[in-house]
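K.L.:
What follows is data29.csv, CSV, C-alpha atoms.
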chain,number,residue,atom,x,y,z
F,1474,MET,CA,55.9,30.6,-66.5
F,1475,THR,CA,55.9,34.3,-67.3
F,1476,PHE,CA,53.4,34.4,-70.1
F,1477,SER,CA,50.2,36.5,-69.8
F,1478,ASN,CA,47.0,36.0,-71.8
F,1479,PRO,CA,44.9,38.7,-73.2
F,1480,SER,CA,42.1,40.0,-71.0
F,1481,ARG,CA,38.8,38.2,-71.1
F,1482,ASP,CA,37.3,41.1,-73.1
F,1483,GLU,CA,40.1,40.8,-75.6
F,1484,ILE,CA,39.6,37.0,-75.8
F,1485,GLY,CA,35.9,37.6,-76.4
F,1486,ALA,CA,36.6,40.1,-79.2
F,1487,ILE,CA,39.0,37.5,-80.8
F,1488,LEU,CA,36.3,34.8,-80.7
F,1489,LYS,CA,33.6,37.1,-82.0
F,1490,LYS,CA,35.6,38.1,-85.1
F,1491,SER,CA,37.1,34.6,-85.7
F,1492,LYS,CA,35.5,32.1,-88.2
F,1493,ARG,CA,38.1,29.5,-89.0
F,1494,ILE,CA,39.8,27.3,-86.4
F,1495,ALA,CA,42.5,24.8,-87.3
F,1496,VAL,CA,42.7,22.2,-84.5
F,1497,ILE,CA,46.1,20.5,-84.1
F,1498,GLY,CA,45.7,17.1,-82.5
F,1499,LEU,CA,42.0,16.8,-83.2
F,1500,SER,CA,41.0,13.2,-82.6
F,1501,ASP,CA,38.3,11.2,-84.4
F,1502,ASP,CA,37.4,9.6,-81.0
F,1503,PRO,CA,34.2,11.3,-79.7
F,1504,SER,CA,35.2,10.6,-76.1
F,1505,THR,CA,38.2,12.9,-76.3
F,1506,SER,CA,38.3,16.5,-75.2
F,1507,SER,CA,39.6,17.7,-78.6
F,1508,TYR,CA,36.6,16.1,-80.3
F,1509,MET,CA,34.0,17.3,-77.8
F,1510,ILE,CA,35.3,20.9,-77.7
F,1511,SER,CA,35.7,21.1,-81.5
F,1512,GLU,CA,32.3,19.7,-82.1
F,1513,ALA,CA,30.8,22.3,-79.7
F,1514,MET,CA,32.7,25.1,-81.5
F,1515,GLN,CA,31.4,23.7,-84.9
F,1516,ARG,CA,27.9,23.8,-83.5
F,1517,GLU,CA,28.5,27.5,-82.6
F,1518,GLY,CA,29.2,28.2,-86.3
F,1519,TYR,CA,33.0,28.0,-86.5
F,1520,GLU,CA,34.7,26.3,-89.4
F,1521,ILE,CA,36.8,23.5,-87.9
F,1522,ILE,CA,39.8,22.2,-89.8
F,1523,PRO,CA,41.2,19.0,-88.3
F,1524,VAL,CA,45.0,18.8,-88.3
F,1525,ASN,CA,46.1,15.3,-87.5
F,1526,PRO,CA,48.2,13.0,-89.7
F,1527,ASN,CA,46.7,9.9,-88.0
F,1528,VAL,CA,43.1,10.4,-89.0
F,1529,LYS,CA,41.3,10.8,-92.4
F,1530,GLU,CA,38.3,12.8,-91.3
F,1531,VAL,CA,36.8,14.3,-88.1
F,1532,LEU,CA,33.4,15.9,-87.7
F,1533,GLY,CA,32.7,15.3,-91.4
F,1534,ILE,CA,35.8,17.3,-92.5
F,1535,GLN,CA,38.8,15.8,-94.2
F,1536,ALA,CA,41.9,16.1,-92.0
F,1537,VAL,CA,45.2,17.6,-93.1
F,1538,ASP,CA,48.7,16.5,-91.8
F,1539,SER,CA,50.0,20.0,-91.0
F,1540,ILE,CA,48.7,23.6,-90.7
F,1541,LYS,CA,51.0,24.4,-93.7
F,1542,GLU,CA,48.6,22.4,-95.9
F,1543,ILE,CA,45.6,24.6,-95.2
F,1544,GLU,CA,44.8,27.1,-97.9
F,1545,GLY,CA,43.7,30.6,-96.9
F,1546,HIS,CA,43.6,32.6,-93.7
F,1547,ILE,CA,43.2,30.9,-90.4
F,1548,ASP,CA,41.9,32.9,-87.5
F,1549,ILE,CA,42.9,30.6,-84.6
F,1550,VAL,CA,45.2,27.6,-84.4
F,1551,ASN,CA,44.0,25.6,-81.4
F,1552,ILE,CA,46.4,23.0,-80.1
F,1553,PHE,CA,45.7,19.8,-78.3
F,1554,ARG,CA,49.2,18.4,-78.0
F,1555,ARG,CA,51.6,17.8,-75.2
F,1556,PRO,CA,53.8,20.8,-74.2
F,1557,GLN,CA,57.0,19.4,-75.8
F,1558,TYR,CA,55.4,19.9,-79.2
F,1559,LEU,CA,54.3,23.5,-78.7
F,1560,LEU,CA,57.5,25.1,-79.8
F,1561,GLY,CA,57.5,23.2,-83.1
F,1562,HIS,CA,53.9,24.2,-83.7
F,1563,ALA,CA,54.8,27.8,-82.9
F,1564,GLU,CA,57.5,27.7,-85.6
F,1565,GLU,CA,55.1,26.3,-88.1
F,1566,PHE,CA,52.5,28.9,-87.1
F,1567,LEU,CA,54.9,31.7,-88.1
F,1568,GLU,CA,55.1,30.2,-91.6
F,1569,ILE,CA,51.3,30.5,-92.3
F,1570,ASP,CA,48.6,33.2,-92.5
F,1571,ALA,CA,47.1,32.9,-89.0
F,1572,ASP,CA,46.2,35.3,-86.2
F,1573,VAL,CA,46.0,33.6,-82.9
F,1574,TYR,CA,48.0,30.7,-81.4
F,1575,TRP,CA,45.9,29.0,-78.7
F,1576,THR,CA,46.8,26.1,-76.5
F,1577,GLN,CA,44.2,24.3,-74.6
F,1578,LEU,CA,43.8,24.0,-70.8
F,1579,GLY,CA,46.9,22.6,-69.1
F,1580,LEU,CA,49.2,23.4,-72.1
F,1581,GLU,CA,51.9,26.0,-71.9
F,1582,SER,CA,55.4,26.6,-73.3
F,1583,GLU,CA,57.6,29.5,-72.3
F,1584,GLU,CA,59.7,29.1,-75.5
F,1585,ALA,CA,56.7,29.0,-77.8
F,1586,TYR,CA,55.2,32.1,-76.1
F,1587,GLU,CA,58.4,34.1,-76.3
F,1588,LEU,CA,59.0,33.2,-80.0
F,1589,LEU,CA,55.4,34.2,-80.9
F,1590,ARG,CA,55.2,37.4,-78.8
F,1591,ASN,CA,58.6,38.5,-80.2
F,1592,SER,CA,57.1,38.0,-83.7
F,1593,GLY,CA,54.1,40.2,-82.8
F,1594,LYS,CA,51.6,37.3,-82.8
F,1595,SER,CA,48.6,36.9,-80.4
F,1596,VAL,CA,49.0,34.0,-78.0
F,1597,ILE,CA,46.6,32.4,-75.6
F,1598,MET,CA,47.8,29.5,-73.5
F,1599,ASN,CA,46.2,27.2,-70.9
F,1600,ARG,CA,42.7,28.3,-71.7
F,1601,CYS,CA,39.8,26.1,-73.0
F,1602,ILE,CA,38.3,27.7,-76.1
F,1603,LYS,CA,34.9,26.3,-75.4
F,1604,VAL,CA,34.8,27.7,-71.9
F,1605,GLU,CA,36.1,31.1,-73.1
F,1606,HIS,CA,33.5,31.2,-75.8
F,1607,ALA,CA,30.7,30.5,-73.2
F,1608,LEU,CA,32.0,33.1,-70.8
F,1609,THR,CA,32.3,35.9,-73.5
F,1610,LYS,CA,29.1,35.3,-75.5
For the structure just supplied, provide its representation as structure tokens.

P.N.:
Amino acid sequence: MTFSNPSRDEIGAILKKSKRIAVIGLSDDPSTSSYMISEAMQREGYEIIPVNPNVKEVLGIQAVDSIKEIEGHIDIVNIFRRPQYLLGHAEEFLEIDADVYWTQLGLESEEAYELLRNSGKSVIMNRCIKVEHALTK
């Protein structure tokens, strides 16, 4: 993998100015990482938008099937899906009004990174948003 993430200071600045996080793959099962991390970010004051066609509601918020269904600007699209889906989500990301494409710890895609960086988008991969938030508070 030849991608590089923004510096910790840059990540901190992104998290400080961000308010809305669309979470692709957010589960309604409280024992999952996606649920626990999103719940923690919600407690920190972020608006969480669940994106999962297999659930109706998560964390008290109605889920949408796709990020393309979300109205208005999205600061961060945070992804909890296997690497083979990341390029498709990157292609969708380019069709919406969003600033940062973020994949959770353990998730990377060279193709998605190249597509997004060549389009001038901010990309963070293989980083836990909850951990980064705690480290940059």

K.L.:
So which residues touch segment 1582-1591 of chain F within 10 Å, counting only C-alpha atoms, skipping near sequence neighbours fewer than 2 positions away, as a ChimeraX atom specification?

P.N.:
/F:1474-1477,1555-1564,1566-1567,1573-1574,1576,1580,1593-1599

K.L.:
Work out how far atom CA of Lys1490 of chain F is from atom CA of Pro1526 of chain F, in Å to one decimal.

P.N.:
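Answer for the atom CA of Pro1526 of chain F to atom CA of Lys1490 of chain F separation: 28.5 Å.
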
K.L.:
Between atom CA of Glu1517 of chain F and atom CA of Glu1542 of chain F, measure the distance and give it in Å to one decimal.

P.N.:
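Atom CA of Glu1542 of chain F lies at a distance of 24.6 Å from atom CA of Glu1517 of chain F.
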
K.L.:
I'd like to know which of F:Val1528, F:Val1496, F:Cys1601, F:Ile1569 is closest to Lys1541 of chain F, using all atoms listed in the file.

P.N.:
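Smallest separation from Lys1541 of chain F among the options: F:Ile1569.
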
K.L.:
Would you work out the distance separating atom CA of Asp1572 of chain F from atom CA of Ile1543 of chain F, expressed in Å to one decimal?

P.N.:
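Result for atom CA of Asp1572 of chain F versus atom CA of Ile1543 of chain F: 14.0 Å, one decimal.
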
K.L.:
Within 12 Å of Ser1480 of chain F, counting all atoms listed in the file, which residues show up once you throw out same-chain ones fewer than 4 positions away? Write them as a list in words, please.

P.N.:
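Close residues of Ser1480 of chain F: Ile1484, Gly1485, Ala1486, Ile1487, Ser1595, Val1596, Ile1597, Arg1600, Glu1605 and Thr1609 of chain F.
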
K.L.:
Compare F:Ala1536, F:Ser1506, F:Ile1522, F:Asp1482 by their minimum atom-to-atom distance to Leu1608 of chain F, counting all atoms listed in the file, and give me the closest one.

P.N.:
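Among the listed residues, F:Asp1482 lies closest to Leu1608 of chain F.
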
K.L.:
Do you know which residues are at most 7 Å from Ile1552 of chain F counting all atoms listed in the file, after dropping those on the same chain fewer than 2 positions away, and could you put them as a list in words?

P.N.:
Val1496, Ile1497, Gly1498, Val1550, Arg1554, Trp1575, Thr1576 and Gln1577 of chain F

K.L.:
Counting all atoms listed in the file, find residues at most 12 Å from (45.7, 12.2, -93.4) (file frame) and give them as a PyMOL selection string.

P.N.:
chain F and resi 1498-1501+1523-1531+1534-1539+1542

K.L.:
Kindly add N, CA and C atoms to the incomplete segment 1538-1573 of chain F and provide the output as a PDB file, in the frame of the given file.

P.N.:
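Writing done, so here's out_8.pdb:
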ATOM      1  N   ASP F1538      47.526  16.924 -92.630  1.00  0.00           N
ATOM      2  CA  ASP F1538      48.700  16.500 -91.800  1.00  0.00           C
ATOM      3  C   ASP F1538      49.310  17.632 -91.042  1.00  0.00           C
ATOM      4  N   SER F1539      49.248  18.850 -91.598  1.00  0.00           N
ATOM      5  CA  SER F1539      50.000  20.000 -91.000  1.00  0.00           C
ATOM      6  C   SER F1539      49.193  21.270 -91.319  1.00  0.00           C
ATOM      7  N   ILE F1540      49.355  22.263 -90.463  1.00  0.00           N
ATOM      8  CA  ILE F1540      48.700  23.600 -90.700  1.00  0.00           C
ATOM      9  C   ILE F1540      49.217  24.195 -92.001  1.00  0.00           C
ATOM     10  N   LYS F1541      50.413  23.798 -92.432  1.00  0.00           N
ATOM     11  CA  LYS F1541      51.000  24.400 -93.700  1.00  0.00           C
ATOM     12  C   LYS F1541      50.210  23.907 -94.907  1.00  0.00           C
ATOM     13  N   GLU F1542      49.379  22.868 -94.775  1.00  0.00           N
ATOM     14  CA  GLU F1542      48.600  22.400 -95.900  1.00  0.00           C
ATOM     15  C   GLU F1542      47.263  23.126 -96.069  1.00  0.00           C
ATOM     16  N   ILE F1543      46.908  23.949 -95.124  1.00  0.00           N
ATOM     17  CA  ILE F1543      45.600  24.600 -95.200  1.00  0.00           C
ATOM     18  C   ILE F1543      45.724  25.870 -96.053  1.00  0.00           C
ATOM     19  N   GLU F1544      44.785  25.959 -96.986  1.00  0.00           N
ATOM     20  CA  GLU F1544      44.800  27.100 -97.900  1.00  0.00           C
ATOM     21  C   GLU F1544      43.946  28.236 -97.240  1.00  0.00           C
ATOM     22  N   GLY F1545      44.389  29.463 -97.445  1.00  0.00           N
ATOM     23  CA  GLY F1545      43.700  30.600 -96.900  1.00  0.00           C
ATOM     24  C   GLY F1545      43.982  30.951 -95.505  1.00  0.00           C
ATOM     25  N   HIS F1546      43.372  32.018 -95.065  1.00  0.00           N
ATOM     26  CA  HIS F1546      43.600  32.600 -93.700  1.00  0.00           C
ATOM     27  C   HIS F1546      43.005  31.680 -92.640  1.00  0.00           C
ATOM     28  N   ILE F1547      43.711  31.568 -91.532  1.00  0.00           N
ATOM     29  CA  ILE F1547      43.200  30.900 -90.400  1.00  0.00           C
ATOM     30  C   ILE F1547      43.146  31.876 -89.216  1.00  0.00           C
ATOM     31  N   ASP F1548      41.989  31.949 -88.576  1.00  0.00           N
ATOM     32  CA  ASP F1548      41.900  32.900 -87.500  1.00  0.00           C
ATOM     33  C   ASP F1548      42.549  32.407 -86.209  1.00  0.00           C
ATOM     34  N   ILE F1549      42.303  31.149 -85.861  1.00  0.00           N
ATOM     35  CA  ILE F1549      42.900  30.600 -84.600  1.00  0.00           C
ATOM     36  C   ILE F1549      43.445  29.205 -84.927  1.00  0.00           C
ATOM     37  N   VAL F1550      44.649  28.957 -84.429  1.00  0.00           N
ATOM     38  CA  VAL F1550      45.200  27.600 -84.400  1.00  0.00           C
ATOM     39  C   VAL F1550      45.106  27.146 -82.974  1.00  0.00           C
ATOM     40  N   ASN F1551      44.236  26.165 -82.744  1.00  0.00           N
ATOM     41  CA  ASN F1551      44.000  25.600 -81.400  1.00  0.00           C
ATOM     42  C   ASN F1551      44.686  24.308 -81.246  1.00  0.00           C
ATOM     43  N   ILE F1552      45.484  24.191 -80.191  1.00  0.00           N
ATOM     44  CA  ILE F1552      46.400  23.000 -80.100  1.00  0.00           C
ATOM     45  C   ILE F1552      46.051  22.136 -78.913  1.00  0.00           C
ATOM     46  N   PHE F1553      45.900  20.852 -79.242  1.00  0.00           N
ATOM     47  CA  PHE F1553      45.700  19.800 -78.300  1.00  0.00           C
ATOM     48  C   PHE F1553      46.842  18.793 -78.368  1.00  0.00           C
ATOM     49  N   ARG F1554      48.037  19.240 -78.052  1.00  0.00           N
ATOM     50  CA  ARG F1554      49.200  18.400 -78.000  1.00  0.00           C
ATOM     51  C   ARG F1554      50.020  18.633 -76.799  1.00  0.00           C
ATOM     52  N   ARG F1555      50.834  17.665 -76.408  1.00  0.00           N
ATOM     53  CA  ARG F1555      51.600  17.800 -75.200  1.00  0.00           C
ATOM     54  C   ARG F1555      52.616  19.007 -75.327  1.00  0.00           C
ATOM     55  N   PRO F1556      53.000  19.574 -74.186  1.00  0.00           N
ATOM     56  CA  PRO F1556      53.800  20.800 -74.200  1.00  0.00           C
ATOM     57  C   PRO F1556      55.134  20.653 -74.999  1.00  0.00           C
ATOM     58  N   GLN F1557      55.726  19.474 -75.067  1.00  0.00           N
ATOM     59  CA  GLN F1557      57.000  19.400 -75.800  1.00  0.00           C
ATOM     60  C   GLN F1557      56.834  19.618 -77.301  1.00  0.00           C
ATOM     61  N   TYR F1558      55.607  19.594 -77.814  1.00  0.00           N
ATOM     62  CA  TYR F1558      55.400  19.900 -79.200  1.00  0.00           C
ATOM     63  C   TYR F1558      55.011  21.306 -79.530  1.00  0.00           C
ATOM     64  N   LEU F1559      54.782  22.108 -78.501  1.00  0.00           N
ATOM     65  CA  LEU F1559      54.300  23.500 -78.700  1.00  0.00           C
ATOM     66  C   LEU F1559      55.234  24.378 -79.431  1.00  0.00           C
ATOM     67  N   LEU F1560      56.525  24.279 -79.144  1.00  0.00           N
ATOM     68  CA  LEU F1560      57.500  25.100 -79.800  1.00  0.00           C
ATOM     69  C   LEU F1560      57.526  24.824 -81.324  1.00  0.00           C
ATOM     70  N   GLY F1561      57.529  23.560 -81.690  1.00  0.00           N
ATOM     71  CA  GLY F1561      57.500  23.200 -83.100  1.00  0.00           C
ATOM     72  C   GLY F1561      56.272  23.707 -83.808  1.00  0.00           C
ATOM     73  N   HIS F1562      55.132  23.624 -83.136  1.00  0.00           N
ATOM     74  CA  HIS F1562      53.900  24.200 -83.700  1.00  0.00           C
ATOM     75  C   HIS F1562      53.952  25.679 -83.827  1.00  0.00           C
ATOM     76  N   ALA F1563      54.608  26.328 -82.884  1.00  0.00           N
ATOM     77  CA  ALA F1563      54.800  27.800 -82.900  1.00  0.00           C
ATOM     78  C   ALA F1563      55.622  28.170 -84.147  1.00  0.00           C
ATOM     79  N   GLU F1564      56.676  27.410 -84.395  1.00  0.00           N
ATOM     80  CA  GLU F1564      57.500  27.700 -85.600  1.00  0.00           C
ATOM     81  C   GLU F1564      56.756  27.538 -86.848  1.00  0.00           C
ATOM     82  N   GLU F1565      55.929  26.481 -86.948  1.00  0.00           N
ATOM     83  CA  GLU F1565      55.100  26.300 -88.100  1.00  0.00           C
ATOM     84  C   GLU F1565      54.049  27.434 -88.247  1.00  0.00           C
ATOM     85  N   PHE F1566      53.491  27.831 -87.123  1.00  0.00           N
ATOM     86  CA  PHE F1566      52.500  28.900 -87.100  1.00  0.00           C
ATOM     87  C   PHE F1566      53.043  30.168 -87.747  1.00  0.00           C
ATOM     88  N   LEU F1567      54.312  30.460 -87.517  1.00  0.00           N
ATOM     89  CA  LEU F1567      54.900  31.700 -88.100  1.00  0.00           C
ATOM     90  C   LEU F1567      55.078  31.582 -89.601  1.00  0.00           C
ATOM     91  N   GLU F1568      54.941  30.393 -90.164  1.00  0.00           N
ATOM     92  CA  GLU F1568      55.100  30.200 -91.600  1.00  0.00           C
ATOM     93  C   GLU F1568      53.770  30.317 -92.362  1.00  0.00           C
ATOM     94  N   ILE F1569      52.658  30.481 -91.647  1.00  0.00           N
ATOM     95  CA  ILE F1569      51.300  30.500 -92.300  1.00  0.00           C
ATOM     96  C   ILE F1569      50.629  31.822 -92.007  1.00  0.00           C
ATOM     97  N   ASP F1570      49.477  32.001 -92.661  1.00  0.00           N
ATOM     98  CA  ASP F1570      48.600  33.200 -92.500  1.00  0.00           C
ATOM     99  C   ASP F1570      47.614  32.890 -91.387  1.00  0.00           C
ATOM    100  N   ALA F1571      47.989  33.172 -90.133  1.00  0.00           N
ATOM    101  CA  ALA F1571      47.100  32.900 -89.000  1.00  0.00           C
ATOM    102  C   ALA F1571      47.255  34.011 -87.970  1.00  0.00           C
ATOM    103  N   ASP F1572      46.179  34.231 -87.208  1.00  0.00           N
ATOM    104  CA  ASP F1572      46.200  35.300 -86.200  1.00  0.00           C
ATOM    105  C   ASP F1572      46.526  34.948 -84.822  1.00  0.00           C
ATOM    106  N   VAL F1573      45.921  33.864 -84.317  1.00  0.00           N
ATOM    107  CA  VAL F1573      46.000  33.600 -82.900  1.00  0.00           C
ATOM    108  C   VAL F1573      46.498  32.121 -82.688  1.00  0.00           C
TER     109      VAL F1573
END
